Structures are given as structure tokens and as C-alpha cells.
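Structure file upload-v8.txt; described as compact mmCIF, C-alpha atoms and all ligand atoms.
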```
# COMPACT_ATOMS: atom_id res chain seq x y z
CA MET A 1 -96.84 -27.52 -78.50
CA LYS A 2 -98.16 -24.44 -76.65
CA ILE A 3 -99.89 -25.02 -73.33
CA PRO A 4 -101.61 -21.90 -72.03
CA PHE A 5 -102.03 -21.39 -68.30
CA VAL A 6 -105.83 -21.40 -68.71
CA ASP A 7 -107.85 -21.71 -71.93
CA LEU A 8 -111.11 -19.78 -71.79
CA LYS A 9 -111.61 -20.07 -75.57
CA ALA A 10 -111.70 -23.86 -75.30
CA GLN A 11 -114.31 -23.55 -72.55
CA TYR A 12 -116.48 -21.16 -74.58
CA SER A 13 -116.49 -23.44 -77.62
CA GLY A 14 -118.16 -26.09 -75.43
CA PHE A 15 -121.42 -24.08 -75.08
CA ARG A 16 -121.20 -21.31 -77.68
CA GLU A 17 -124.83 -21.52 -78.90
CA GLU A 18 -126.37 -21.68 -75.46
CA MET A 19 -124.16 -18.87 -74.18
CA ASN A 20 -124.84 -16.61 -77.15
CA ALA A 21 -128.59 -17.13 -76.69
CA ALA A 22 -128.40 -16.31 -72.97
CA VAL A 23 -126.42 -13.12 -73.60
CA LEU A 24 -128.75 -12.07 -76.44
CA ASN A 25 -131.70 -12.64 -74.17
CA VAL A 26 -130.34 -10.04 -71.72
CA LEU A 27 -129.62 -7.60 -74.55
CA GLU A 28 -133.19 -7.98 -75.84
CA SER A 29 -134.66 -7.57 -72.36
CA ALA A 30 -132.54 -4.44 -71.73
CA TYR A 31 -132.70 -5.36 -68.02
CA PHE A 32 -129.04 -4.93 -67.21
CA VAL A 33 -128.80 -4.23 -63.48
CA GLY A 34 -130.78 -6.42 -61.09
CA GLY A 35 -133.91 -8.17 -62.32
CA PRO A 36 -134.97 -11.76 -62.96
CA VAL A 37 -131.75 -13.02 -64.57
CA LEU A 38 -129.72 -11.97 -61.52
CA GLU A 39 -132.30 -13.37 -59.11
CA LYS A 40 -132.32 -16.69 -60.96
CA PHE A 41 -128.54 -17.03 -60.72
CA GLU A 42 -128.55 -16.03 -57.05
CA GLN A 43 -131.03 -18.81 -56.29
CA GLU A 44 -129.11 -21.35 -58.36
CA PHE A 45 -125.79 -20.52 -56.73
CA ALA A 46 -127.20 -20.55 -53.20
CA ALA A 47 -128.64 -24.02 -53.92
CA PHE A 48 -125.32 -25.14 -55.42
CA VAL A 49 -123.30 -24.29 -52.30
CA GLY A 50 -126.07 -25.27 -49.89
CA ALA A 51 -126.75 -21.83 -48.38
CA LYS A 52 -130.10 -20.06 -48.07
CA TYR A 53 -129.04 -16.84 -49.76
CA CYS A 54 -126.67 -15.58 -52.39
CA ILE A 55 -126.03 -11.88 -52.89
CA GLY A 56 -124.42 -11.12 -56.25
CA VAL A 57 -121.84 -8.33 -56.08
CA ALA A 58 -119.38 -6.59 -58.40
CA ASN A 59 -116.29 -8.73 -57.67
CA GLY A 60 -114.70 -11.01 -55.11
CA THR A 61 -112.78 -8.22 -53.41
CA GLU A 62 -115.96 -6.26 -52.67
CA ALA A 63 -117.67 -9.50 -51.62
CA ILE A 64 -115.16 -9.59 -48.73
CA THR A 65 -115.42 -5.86 -47.98
CA LEU A 66 -119.21 -6.08 -47.91
CA ALA A 67 -119.13 -9.22 -45.76
CA ALA A 68 -116.78 -7.50 -43.32
CA ARG A 69 -119.08 -4.48 -43.15
CA ALA A 70 -122.18 -6.65 -42.77
CA ALA A 71 -120.43 -8.44 -39.91
CA GLY A 72 -119.97 -5.06 -38.22
CA LEU A 73 -116.19 -4.85 -38.47
CA LYS A 74 -114.90 -1.33 -37.99
CA GLN A 75 -111.82 0.84 -37.55
CA GLY A 76 -109.40 -0.61 -35.01
CA ASP A 77 -110.72 -4.17 -35.30
CA GLU A 78 -108.08 -6.76 -36.14
CA VAL A 79 -108.76 -9.58 -38.59
CA LEU A 80 -106.49 -12.63 -38.95
CA VAL A 81 -105.50 -13.14 -42.59
CA PRO A 82 -103.15 -15.80 -44.04
CA ALA A 83 -99.88 -14.32 -45.29
CA ASN A 84 -100.06 -16.46 -48.44
CA SER A 85 -103.12 -15.36 -50.42
CA PHE A 86 -104.02 -12.99 -53.21
CA PHE A 87 -103.62 -9.35 -52.13
CA ALA A 88 -107.40 -8.82 -52.28
CA THR A 89 -108.03 -10.89 -49.13
CA ALA A 90 -106.18 -8.32 -47.02
CA GLU A 91 -107.06 -5.31 -49.18
CA ALA A 92 -110.78 -5.96 -48.77
CA ILE A 93 -110.42 -6.04 -44.98
CA SER A 94 -108.48 -2.75 -45.05
CA ASN A 95 -111.15 -1.21 -47.30
CA ALA A 96 -113.77 -2.14 -44.70
CA GLY A 97 -111.74 -0.06 -42.22
CA ALA A 98 -110.34 -2.96 -40.19
CA THR A 99 -106.71 -4.05 -39.84
CA PRO A 100 -105.40 -7.30 -41.33
CA VAL A 101 -103.05 -9.19 -39.02
CA PHE A 102 -101.00 -11.66 -41.01
CA VAL A 103 -100.60 -15.28 -39.95
CA ASP A 104 -98.13 -17.78 -41.42
CA VAL A 105 -99.45 -20.83 -43.28
CA ASP A 106 -99.16 -24.60 -43.10
CA PRO A 107 -96.60 -25.89 -45.65
CA VAL A 108 -98.74 -28.87 -46.72
CA THR A 109 -102.25 -27.42 -46.99
CA PHE A 110 -101.03 -23.85 -47.70
CA HIS A 111 -103.83 -22.69 -45.36
CA MET A 112 -103.61 -20.32 -42.40
CA ASP A 113 -101.89 -22.13 -39.51
CA VAL A 114 -104.50 -22.40 -36.78
CA GLU A 115 -102.00 -22.60 -33.91
CA LEU A 116 -100.25 -19.46 -35.07
CA ALA A 117 -103.68 -17.85 -35.55
CA ALA A 118 -104.44 -18.58 -31.88
CA LYS A 119 -101.16 -16.92 -30.85
CA SER A 120 -101.98 -13.80 -32.89
CA ILE A 121 -105.23 -13.07 -31.03
CA THR A 122 -105.34 -9.83 -29.04
CA ASP A 123 -108.12 -7.83 -27.35
CA ARG A 124 -108.76 -6.15 -30.69
CA THR A 125 -109.13 -9.34 -32.75
CA LYS A 126 -112.70 -9.54 -33.97
CA ALA A 127 -112.59 -11.88 -36.98
CA MET A 128 -110.56 -14.21 -39.13
CA ILE A 129 -110.66 -15.04 -42.77
CA PRO A 130 -109.55 -18.54 -43.70
CA VAL A 131 -108.87 -18.78 -47.44
CA HIS A 132 -109.75 -21.99 -49.30
CA LEU A 133 -106.57 -21.51 -51.29
CA TYR A 134 -105.82 -23.12 -54.67
CA GLY A 135 -109.16 -25.00 -54.51
CA ARG A 136 -108.54 -26.95 -51.32
CA ALA A 137 -111.19 -26.52 -48.63
CA VAL A 138 -109.92 -25.46 -45.21
CA ASP A 139 -110.66 -27.80 -42.31
CA MET A 140 -112.87 -25.34 -40.45
CA LYS A 141 -113.28 -27.34 -37.21
CA PRO A 142 -110.20 -25.94 -35.39
CA PHE A 143 -111.03 -22.42 -36.64
CA GLU A 144 -114.60 -22.80 -35.41
CA ALA A 145 -113.32 -23.89 -31.98
CA LEU A 146 -110.98 -20.89 -31.85
CA ALA A 147 -113.73 -18.52 -32.97
CA LYS A 148 -116.04 -19.84 -30.27
CA GLN A 149 -113.40 -19.52 -27.58
CA HIS A 150 -112.60 -15.88 -28.47
CA ASN A 151 -115.96 -14.78 -29.83
CA LEU A 152 -114.63 -14.14 -33.34
CA THR A 153 -116.53 -13.85 -36.61
CA ILE A 154 -115.40 -16.14 -39.42
CA ILE A 155 -115.57 -14.87 -42.98
CA GLU A 156 -114.54 -17.44 -45.60
CA ASP A 157 -112.65 -16.46 -48.74
CA CYS A 158 -113.81 -18.97 -51.33
CA ALA A 159 -112.61 -17.09 -54.42
CA GLN A 160 -110.60 -20.14 -55.52
CA ALA A 161 -112.78 -23.04 -54.41
CA HIS A 162 -116.25 -23.07 -55.99
CA GLY A 163 -117.65 -26.55 -55.36
CA ALA A 164 -114.82 -27.74 -53.10
CA SER A 165 -115.86 -29.84 -50.14
CA ILE A 166 -114.44 -31.26 -46.95
CA HIS A 167 -115.86 -33.98 -44.67
CA GLY A 168 -118.76 -34.14 -47.15
CA HIS A 169 -119.67 -30.45 -46.77
CA THR A 170 -119.48 -28.07 -49.71
CA VAL A 171 -117.71 -24.80 -48.99
CA GLY A 172 -120.44 -22.25 -48.38
CA SER A 173 -122.85 -24.72 -46.78
CA SER A 174 -121.76 -23.59 -43.28
CA GLY A 175 -124.22 -20.76 -43.77
CA ARG A 176 -121.73 -18.18 -42.50
CA LEU A 177 -120.46 -15.34 -44.70
CA THR A 178 -118.64 -16.98 -47.62
CA CYS A 179 -117.17 -14.83 -50.38
CA PHE A 180 -116.76 -15.85 -54.00
CA SER A 181 -115.06 -14.29 -57.01
CA PHE A 182 -116.29 -14.91 -60.55
CA TYR A 183 -113.21 -13.42 -62.22
CA PRO A 184 -112.99 -15.06 -65.69
CA GLY A 185 -110.18 -17.50 -64.84
CA LYS A 186 -111.85 -18.87 -61.71
CA ASN A 187 -113.39 -22.38 -61.66
CA LEU A 188 -116.69 -20.58 -62.17
CA GLY A 189 -115.89 -17.40 -64.05
CA ALA A 190 -117.98 -14.66 -65.65
CA PHE A 191 -117.13 -12.73 -68.82
CA GLY A 192 -115.84 -9.86 -66.73
CA ASP A 193 -115.71 -9.11 -63.02
CA GLY A 194 -118.26 -10.61 -60.66
CA GLY A 195 -118.59 -11.92 -57.13
CA ALA A 196 -121.04 -13.09 -54.50
CA VAL A 197 -121.52 -13.59 -50.79
CA THR A 198 -123.48 -16.60 -49.63
CA THR A 199 -125.00 -16.91 -46.17
CA SER A 200 -127.93 -18.57 -44.43
CA ASP A 201 -128.43 -15.69 -42.00
CA LEU A 202 -131.47 -13.59 -42.87
CA GLU A 203 -130.22 -10.45 -41.12
CA LEU A 204 -126.81 -10.59 -42.80
CA MET A 205 -128.48 -11.16 -46.17
CA LYS A 206 -130.65 -8.06 -45.69
CA ARG A 207 -127.64 -5.96 -44.66
CA LEU A 208 -125.64 -7.15 -47.66
CA ARG A 209 -128.45 -6.32 -50.09
CA ILE A 210 -128.64 -2.80 -48.69
CA LEU A 211 -124.86 -2.32 -48.56
CA ARG A 212 -124.31 -3.37 -52.19
CA GLU A 213 -126.96 -0.85 -53.31
CA HIS A 214 -125.65 2.49 -51.96
CA GLY A 215 -126.91 1.63 -48.48
CA SER A 216 -130.38 1.97 -49.88
CA PRO A 217 -133.25 -0.33 -48.84
CA VAL A 218 -135.64 1.72 -51.00
CA LYS A 219 -134.57 3.80 -53.99
CA TYR A 220 -133.27 7.26 -52.96
CA GLN A 221 -133.55 6.43 -49.27
CA HIS A 222 -130.11 5.74 -47.82
CA SER A 223 -129.91 4.27 -44.35
CA VAL A 224 -126.11 3.76 -44.35
CA VAL A 225 -123.19 4.69 -46.59
CA GLY A 226 -122.78 1.61 -48.76
CA LEU A 227 -121.18 0.81 -52.10
CA ASN A 228 -122.30 0.46 -55.68
CA SER A 229 -121.36 -3.20 -55.98
CA ARG A 230 -123.78 -5.28 -58.01
CA LEU A 231 -123.42 -8.34 -60.19
CA ASP A 232 -124.91 -7.24 -63.52
CA ALA A 233 -127.47 -9.26 -65.47
CA LEU A 234 -125.10 -10.12 -68.34
CA GLN A 235 -122.62 -11.71 -65.95
CA ALA A 236 -125.43 -13.48 -64.09
CA ALA A 237 -126.70 -14.93 -67.40
CA VAL A 238 -123.19 -16.16 -68.27
CA LEU A 239 -122.80 -17.74 -64.84
CA SER A 240 -126.19 -19.49 -65.07
CA VAL A 241 -125.09 -21.16 -68.31
CA LYS A 242 -121.78 -22.25 -66.79
CA LEU A 243 -122.94 -23.42 -63.35
CA PRO A 244 -124.42 -26.78 -64.46
CA HIS A 245 -120.99 -27.70 -65.89
CA LEU A 246 -119.03 -26.87 -62.75
CA HIS A 247 -119.03 -30.30 -61.07
CA ARG A 248 -117.86 -31.92 -64.30
CA TRP A 249 -115.13 -29.29 -64.77
CA ASN A 250 -113.95 -29.71 -61.19
CA ALA A 251 -113.84 -33.50 -61.65
CA ALA A 252 -111.75 -33.04 -64.81
CA ARG A 253 -109.33 -30.77 -62.92
CA ARG A 254 -109.01 -33.42 -60.19
CA ASP A 255 -108.27 -36.05 -62.82
CA HIS A 256 -105.53 -33.93 -64.35
CA ALA A 257 -104.14 -33.25 -60.87
CA ARG A 258 -103.97 -36.96 -60.06
CA LYS A 259 -102.04 -37.65 -63.27
CA LEU A 260 -99.59 -34.82 -62.66
CA ALA A 261 -99.11 -35.77 -59.00
CA ALA A 262 -98.55 -39.45 -59.86
CA ALA A 263 -95.87 -38.49 -62.38
CA LEU A 264 -94.07 -36.36 -59.80
CA GLU A 265 -94.17 -38.89 -56.98
CA GLY A 266 -90.78 -39.31 -55.32
CA SER A 267 -89.28 -36.54 -57.44
CA PRO A 268 -87.74 -33.29 -56.23
CA ILE A 269 -90.70 -31.43 -57.68
CA ILE A 270 -93.17 -31.73 -54.83
CA ALA A 271 -96.78 -32.11 -55.94
CA PRO A 272 -99.66 -30.85 -53.81
CA VAL A 273 -101.23 -33.39 -51.49
CA ILE A 274 -104.57 -34.63 -52.83
CA PRO A 275 -106.75 -35.04 -49.75
CA GLU A 276 -108.49 -38.43 -49.45
CA GLY A 277 -112.26 -38.22 -49.72
CA ASP A 278 -112.37 -34.43 -49.86
CA GLU A 279 -113.03 -32.64 -53.10
CA HIS A 280 -110.09 -30.43 -53.90
CA VAL A 281 -111.16 -28.49 -57.00
CA PHE A 282 -107.64 -27.56 -58.16
CA HIS A 283 -108.19 -23.98 -59.14
CA LEU A 284 -104.39 -24.07 -59.20
CA PHE A 285 -101.98 -26.99 -59.26
CA VAL A 286 -99.09 -25.66 -57.20
CA VAL A 287 -95.83 -27.59 -56.98
CA ARG A 288 -92.77 -26.76 -54.89
CA CYS A 289 -89.26 -26.87 -56.24
CA SER A 290 -86.04 -25.46 -54.81
CA GLN A 291 -84.98 -24.59 -58.39
CA ARG A 292 -88.31 -22.90 -59.09
CA ASP A 293 -87.02 -20.15 -61.34
CA GLU A 294 -85.05 -22.63 -63.46
CA LEU A 295 -88.11 -24.88 -63.70
CA LYS A 296 -90.30 -21.96 -64.75
CA HIS A 297 -87.81 -20.92 -67.41
CA PHE A 298 -87.43 -24.51 -68.65
CA LEU A 299 -91.19 -24.96 -69.03
CA ASP A 300 -91.46 -21.59 -70.70
CA GLN A 301 -88.94 -22.72 -73.33
CA LYS A 302 -91.16 -25.74 -73.96
CA GLY A 303 -94.19 -23.52 -74.54
CA ILE A 304 -95.75 -24.35 -71.15
CA LEU A 305 -97.03 -21.27 -69.32
CA THR A 306 -96.92 -21.21 -65.54
CA GLY A 307 -97.66 -18.72 -62.75
CA ILE A 308 -96.54 -17.94 -59.19
CA HIS A 309 -99.26 -17.63 -56.57
CA TYR A 310 -97.88 -15.63 -54.86
CA PRO A 311 -94.37 -14.26 -55.32
CA VAL A 312 -94.61 -11.64 -52.55
CA PRO A 313 -96.05 -12.61 -49.14
CA LEU A 314 -98.81 -10.20 -48.15
CA HIS A 315 -96.95 -8.79 -45.13
CA LEU A 316 -93.94 -7.96 -47.34
CA THR A 317 -95.91 -6.06 -50.01
CA GLY A 318 -95.05 -2.37 -50.23
CA ALA A 319 -98.62 -1.54 -49.23
CA TYR A 320 -98.56 -3.44 -45.94
CA GLN A 321 -94.93 -2.64 -45.15
CA ALA A 322 -95.98 1.02 -45.33
CA LEU A 323 -98.74 0.20 -42.85
CA GLY A 324 -96.31 -1.35 -40.37
CA ALA A 325 -96.64 -5.07 -41.12
CA PRO A 326 -93.84 -7.26 -39.71
CA GLY A 327 -90.73 -7.62 -41.85
CA ARG A 328 -88.85 -10.43 -43.53
CA GLY A 329 -88.33 -13.46 -41.31
CA SER A 330 -91.64 -13.04 -39.49
CA MET A 331 -93.58 -15.61 -41.61
CA PRO A 332 -90.91 -18.18 -42.51
CA VAL A 333 -93.17 -20.73 -44.20
CA THR A 334 -94.88 -18.23 -46.49
CA GLU A 335 -91.56 -16.55 -47.24
CA THR A 336 -89.94 -19.88 -48.21
CA LEU A 337 -92.93 -20.90 -50.29
CA ALA A 338 -92.82 -17.62 -52.20
CA GLY A 339 -89.42 -18.67 -53.58
CA GLU A 340 -90.39 -22.29 -54.33
CA ILE A 341 -93.96 -22.46 -55.57
CA LEU A 342 -94.98 -22.76 -59.19
CA SER A 343 -98.50 -23.12 -60.59
CA LEU A 344 -98.65 -25.47 -63.58
CA PRO A 345 -101.28 -25.11 -66.31
CA MET A 346 -104.66 -26.32 -65.03
CA TYR A 347 -108.05 -26.14 -66.70
CA ALA A 348 -110.81 -28.66 -67.30
CA GLU A 349 -110.37 -28.75 -71.08
CA MET A 350 -106.72 -29.90 -70.98
CA SER A 351 -106.39 -32.88 -73.30
CA ASP A 352 -104.57 -36.13 -72.46
CA GLU A 353 -101.99 -35.09 -75.02
CA GLN A 354 -101.42 -31.77 -73.28
CA ILE A 355 -101.10 -33.43 -69.86
CA ALA A 356 -98.65 -35.95 -71.30
CA TYR A 357 -96.62 -33.11 -72.81
CA VAL A 358 -96.42 -31.29 -69.45
CA ILE A 359 -95.46 -34.52 -67.65
CA HIS A 360 -92.77 -35.26 -70.23
CA ALA A 361 -91.30 -31.76 -69.81
CA LEU A 362 -91.30 -32.09 -66.00
CA GLN A 363 -89.51 -35.43 -66.26
CA GLU A 364 -86.95 -33.97 -68.61
CA PHE A 365 -86.27 -31.19 -66.13
CA ILE A 366 -85.84 -33.70 -63.30
CA HIS A 367 -83.21 -35.53 -65.36
CA ILE A 368 -81.32 -32.42 -66.37
CA TYR A 369 -81.09 -30.95 -62.88
CA LYS A 370 -79.23 -33.28 -60.56
CA PRO A 371 -81.88 -34.87 -58.35
CA ALA A 372 -79.52 -35.09 -55.37
CA GLU A 373 -78.89 -31.38 -55.49
CA LEU A 374 -82.60 -30.64 -55.76
CA MET A 375 -83.50 -33.03 -52.97
CA GLU A 376 -80.96 -31.54 -50.61
CA ILE A 377 -82.22 -28.02 -51.05
CA SER A 378 -85.90 -28.81 -51.11
CA GLY A 379 -85.58 -31.14 -48.09
CA ALA A 380 -84.13 -28.27 -46.09
CA ALA A 381 -86.87 -25.94 -47.20
CA VAL A 382 -89.72 -25.93 -44.72
C1 LIG B 401 -108.04 -15.69 -52.71
C2 LIG B 401 -108.70 -14.56 -53.44
N1 LIG B 401 -109.41 -13.66 -52.73
C3 LIG B 401 -110.04 -12.64 -53.32
C4 LIG B 401 -109.99 -12.45 -54.69
C5 LIG B 401 -110.62 -11.23 -55.28
O1 LIG B 401 -111.54 -11.51 -56.28
P1 LIG B 401 -111.79 -10.47 -57.48
O2 LIG B 401 -110.62 -10.54 -58.38
O3 LIG B 401 -113.05 -10.97 -58.12
O4 LIG B 401 -111.97 -9.12 -56.88
C6 LIG B 401 -109.28 -13.38 -55.47
C7 LIG B 401 -109.26 -13.30 -56.93
O5 LIG B 401 -108.69 -12.78 -57.70
C8 LIG B 401 -108.61 -14.45 -54.84
O6 LIG B 401 -107.90 -15.34 -55.53
```
Final C-alpha cells representation of the file:
Amino acid sequence: MKIPFVDLKAQYSGFREEMNAAVLNVLESAYFVGGPVLEKFEQEFAAFVGAKYCIGVANGTEAITLAARAAGLKQGDEVLVPANSFFATAEAISNAGATPVFVDVDPVTFHMDVELAAKSITDRTKAMIPVHLYGRAVDMKPFEALAKQHNLTIIEDCAQAHGASIHGHTVGSSGRLTCFSFYPGKNLGAFGDGGAVTTSDLELMKRLRILREHGSPVKYQHSVVGLNSRLDALQAAVLSVKLPHLHRWNAARRDHARKLAAALEGSPIIAPVIPEGDEHVFHLFVVRCSQRDELKHFLDQKGILTGIHYPVPLHLTGAYQALGAPGRGSMPVTETLAGEILSLPMYAEMSDEQIAYVIHALQEFIHIYKPAELMEISGAAV
């Protein structure tokens, strides 16, 4: 059996007719940039997350850059960024002119460690960007307290957590700047690049609309230097067809996650914690294993594709090393995780048979590699 890492063809076959009609409708209208199809999706997505406004942009990276600019971040400002995230979280802050300051993460939630964040604050710290990584919503309360104490802006990176919730609140419903990616493999993905910022702040919404459109409130009048960063109508049409399915897809991912986690219980392959009552949307199902590379190779041989998110901590990337980020040993949790984490296949359309096949392969691996040996190493990990 072959188990892909994600299966976008299986997803498409679930709404082929409706999707084809929506795309054709845009082609017939010839209204490709802006217009009613984009506005419709923006309203639907704002309602979905529980924010007043949604501003569709070109991709998730620019969603963060635009949010940082709308928040007034500038050269010399420091922004706290978790060391374990996709490169874009930091890159977007750098592209807005500010400086990412990396903070180590919590080994259970994989989120930015709030106590270490507090210790990283200087006179130049102006913002922080908690990342709702792998589909698990960050507990924002301690970050909100810290932000209040030090007068910091919070920008949320929600590229991996569309529809996730915590304490009954959907991510995005805080009303503050929340940034989404609609890259095809995301829980809500377009047929190309796409992104959005949601907010409930009227002023920020206005600034974002101007910034995404060449800094231009009225055509050919440019009040600031902005970007050309718009979500096009074809992608908006695709997203409008997919959005009504998102809760069901997220529930299916959670179901798969529960089965995988139950099968791994007590084993040396450590499953992610599934938070009680909160809605983790399992963009990625990330396990930890001291013999990660062997496990990856073993699953590969069985036709099961996996990924590593992320193999190089952000502070250790060539890009940020060249910019003076701290070296190896400075973020021990993230650095250990980078050698132990493995993302198993995860998508809503996985069949029971596919899940059973993955579980069987994991159990085989556990039997082949001496559990005691695995336990010892993984116990000493973080
Ligand atoms: C955590 C995180 N932030 C930001 C991004 C950037 O999104 P995009 O690829 O749409 O630019 C991604 C996605 O790839 C991501 O996973």
C-alpha cells in the first residue's frame, strides 16, 4: 500500500462538479483580481473565525509581513518568534524591517515558551508572534498578560490551525491581527498560493487593505509604499467551495489522530498530546522518537510518506546565523526536537484501512527496535 503524506486528489474528487462550476464562473466573469467573489469569501471567512474583517492576501508569509506593517513595526523593533516554526514566520517579520528574536518552545505543546519569552524582552521588543503550530491553538492568556505588562503587540500565526479552538474560542476570534495561509496542503487550502489576515479593528483593516494594494486607497494615488499582495478571485472561489467542509475535515483529522495516539500509547514513539475539550485540528500529526531517522526510513520502505517539521531550528538556519542569531545550544528544546520529530501522514480523507496500515507499520517498528533502548534515549531527551 502507498500512503501519501497528503492527498489533494482525494479531496478534489469529493466536490469536483461544484468546484469546476465555481472556477468556470470566475473564468466567464473575467473578474480575476478583487471583485464580488473575493468579497464573498472574505465575509465568509471572517464569519467562520469570528472576526469582523478578513483581508485576502497573496500568501501566508505576506499576511504576516502586512500585519507587522499595519501594526507599525519598523526597523530596530524586536519581535519574539518561536524557534520551532516554518521559516516564513521569521522571514515575514524580517521583510517588514523588524528583527526576529528567537524563543525556545515547550516540549509538550511545541508552542513558544512564555516564561522564556518574558526573559527575552528588551527595551526594543515591540511585538510577539505566537504560532498555533501543527493545528494546536496556543493558550493566549499568559501571552496576553505579558503583552499587557510590556505594551507589546500580538500577531498570531494561524497558518496551520484554521478552525482550531481553545477554551471554546476559535483562533482568530480574539479580533487581533491573525494571519492565515491557504497554501494547498493546509487544512483550508487554495489551488495555488493564498493567505488572509483577520481582525476586528477597523483602523487595522483599512491599513491592511491599502498596504496590500500598492499603498493605494484610490487607484493611482499612493499614500504609503505597500505591496502587491492580493488573493485572486480564482483562489477565493476555490476557498468558498471548500470552507463549508472545513469543520468536517478537521473532525476527521482529530478522529485519525485519536486512533494513531491510542495505538502509540506507552510506546517509545511519543504521540502528540490531544488537549481535552480544545479543538486541535491536526494540520500535522507529529510524533517524537529517539530513532527518528530509522523510523522515517522504515515507514518509507512500507510506502508511508512522512515529513519533518522542522529539521533546522530557525535560529540555526544559514539565513539567521548570518544575521547574528544565537548558535547551537541556545534553544535546547527546539534543537532536540529537530532530531526527534516526525510528521506522519494526516489528511481528512484517510481511510480506516490506511490508518490501520500506518498503525501496523508503527507497531512493527516498535517490535524491531528494542523498546528498552528507545525508551532510554527518548526519556533522556527533553
Ligand atoms: C507556521 C507557518 N507560518 C507561515 C507560513 C507561510 O505561509 P505561505 O506558505 O502561504 O506563505 C506557513 C506555511 O507554509 C506556516 O506553516
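Of the listed residues (A:Ile304, A:Leu299, A:Leu234, A:Cys179), A:Leu234 comes nearest to Val23 in chain A; the distances count only C-alpha atoms.
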| message | Taking all atoms listed in the file into account, which residues have an atom no farther than 10 Å from ligand LIG 401 (chain B)? I'd like them as a VMD selection string. | response | chain A and resid 57 to 64 82 84 to 92 130 to 135 156 to 161 179 to 186 189 to 190 192 to 196 283 309
| remark: What separates CA of Ile341 in chain A and CA of Arg288 in chain A is a distance of 4.5 Å
Write out as a CSV table (one decimal) with C-alpha atoms, in the coordinates of the input which residues come within 10 Å of Ala262 in chain A when counting all atoms listed in the file, dropping same-chain ones fewer than 6 positions away.
```
chain,number,residue,atom,x,y,z
A,256,HIS,CA,-105.5,-33.9,-64.4
A,271,ALA,CA,-96.8,-32.1,-55.9
A,359,ILE,CA,-95.5,-34.5,-67.6
```
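Ranking A:His222, A:Arg136, A:Asn250, A:Phe48 by their shortest atom-to-atom distance to Pro272 in chain A, with all atoms listed in the file included, puts A:Arg136 first.
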Per residue of range 246-336 of chain A within 8 Å of range 106-117 of chain A, which atom pair is closest and at what distance in Å (one decimal), using all atoms listed in the file, listed by chain and increasing number, as CSV?
```
residue,atom,partner,partner_atom,distance
A:Pro272,CA,A:Val108,CA,7.4
A:Val273,CA,A:Val108,CA,7.0
A:Val333,CA,A:Pro107,CA,6.4
A:Thr334,CA,A:Pro107,CA,7.9
```
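Nearest residue to Ala22 in chain A, choosing from A:Ser343, A:Ser240, A:Asn187, A:Gln321 and counting all atoms listed in the file: A:Ser240.
Between CA of Gly318 in chain A and CA of Ile129 in chain A lies a distance of 21.4 Å.
Here the question is which of A:Arg176, A:Lys242, A:Lys119, A:His280 gets nearest to Leu204 in chain A using all atoms listed in the file, and that residue is A:Arg176.
In this model, the gap between CA of Leu239 in chain A and CA of Val37 in chain A comes to 10.1 Å.
Among the candidate residues A:Ala361, A:Pro100, A:Asp278, A:Tyr310, the one lying nearest to Pro326 in chain A is A:Pro100, with distances computed using only C-alpha atoms.
Every protein or nucleic acid residue with an atom no more than 8 Å from Arg230 in chain A, counting only C-alpha atoms and leaving out same-chain residues fewer than 2 positions away, appears here: A:Val33, A:Gly34, A:Gly56, A:Val57, A:Ala58, A:Arg212, A:Glu213, A:Asn228, A:Asp232.
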| note | Across A:Leu344, A:Ala96, A:Leu188, A:Cys54, the smallest distance to Gly303 in chain A, with all atoms listed in the file counted, is shown by A:Leu344
| request: Extract, using all atoms listed in the file, all DNA, RNA and protein residues at most 6 Å from Ala51 in chain A, discarding same-chain residues fewer than 2 positions from it, and format them as a VMD selection string. | output: chain A and resid 46 49 53 173 175 199 to 200
Would you compute the box with edges along x, y and z of the file around range 195-205 of chain A, including every atom the file lists for it and 5 Å extra on each side, and give its centre and edge lengths in Å to one decimal, as lines of an AutoDock Vina configuration file?
```
center_x = -125.0
center_y = -14.5
center_z = -49.1
size_x = 22.9
size_y = 18.1
size_z = 26.0
```
| request: Determine, counting all atoms listed in the file, which protein, DNA and RNA residues have an atom within 8 Å of an atom of Met128 in chain A; residues of the same chain fewer than 2 positions away are not included. Present the result as a ChimeraX atom specification. | output: /A:79-81,126,130,152-155
Show me that you can extract range 284-303 of chain A, keeping C-alpha atoms, and write it as an mmCIF file, in the first residue's frame.
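Here's the written file result05.cif:
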```cif
data_model
loop_
_atom_site.group_PDB
_atom_site.id
_atom_site.type_symbol
_atom_site.label_atom_id
_atom_site.label_comp_id
_atom_site.auth_asym_id
_atom_site.auth_seq_id
_atom_site.Cartn_x
_atom_site.Cartn_y
_atom_site.Cartn_z
ATOM 1 C CA LEU A 284 0.251 17.742 11.257
ATOM 2 C CA PHE A 285 0.448 14.676 13.466
ATOM 3 C CA VAL A 286 3.937 14.984 14.915
ATOM 4 C CA VAL A 287 5.440 12.144 16.944
ATOM 5 C CA ARG A 288 8.774 12.090 18.752
ATOM 6 C CA CYS A 289 11.184 9.201 18.537
ATOM 7 C CA SER A 290 14.841 8.991 19.521
ATOM 8 C CA GLN A 291 15.398 6.744 16.465
ATOM 9 C CA ARG A 292 13.598 9.196 14.188
ATOM 10 C CA ASP A 293 15.717 8.664 11.097
ATOM 11 C CA GLU A 294 15.371 4.883 11.357
ATOM 12 C CA LEU A 295 11.616 5.233 11.827
ATOM 13 C CA LYS A 296 11.347 7.518 8.806
ATOM 14 C CA HIS A 297 13.328 5.089 6.672
ATOM 15 C CA PHE A 298 11.292 2.117 7.919
ATOM 16 C CA LEU A 299 7.980 3.806 7.069
ATOM 17 C CA ASP A 300 9.353 4.868 3.717
ATOM 18 C CA GLN A 301 10.116 1.220 2.900
ATOM 19 C CA LYS A 302 6.486 0.428 3.720
ATOM 20 C CA GLY A 303 5.258 3.080 1.282
#
```
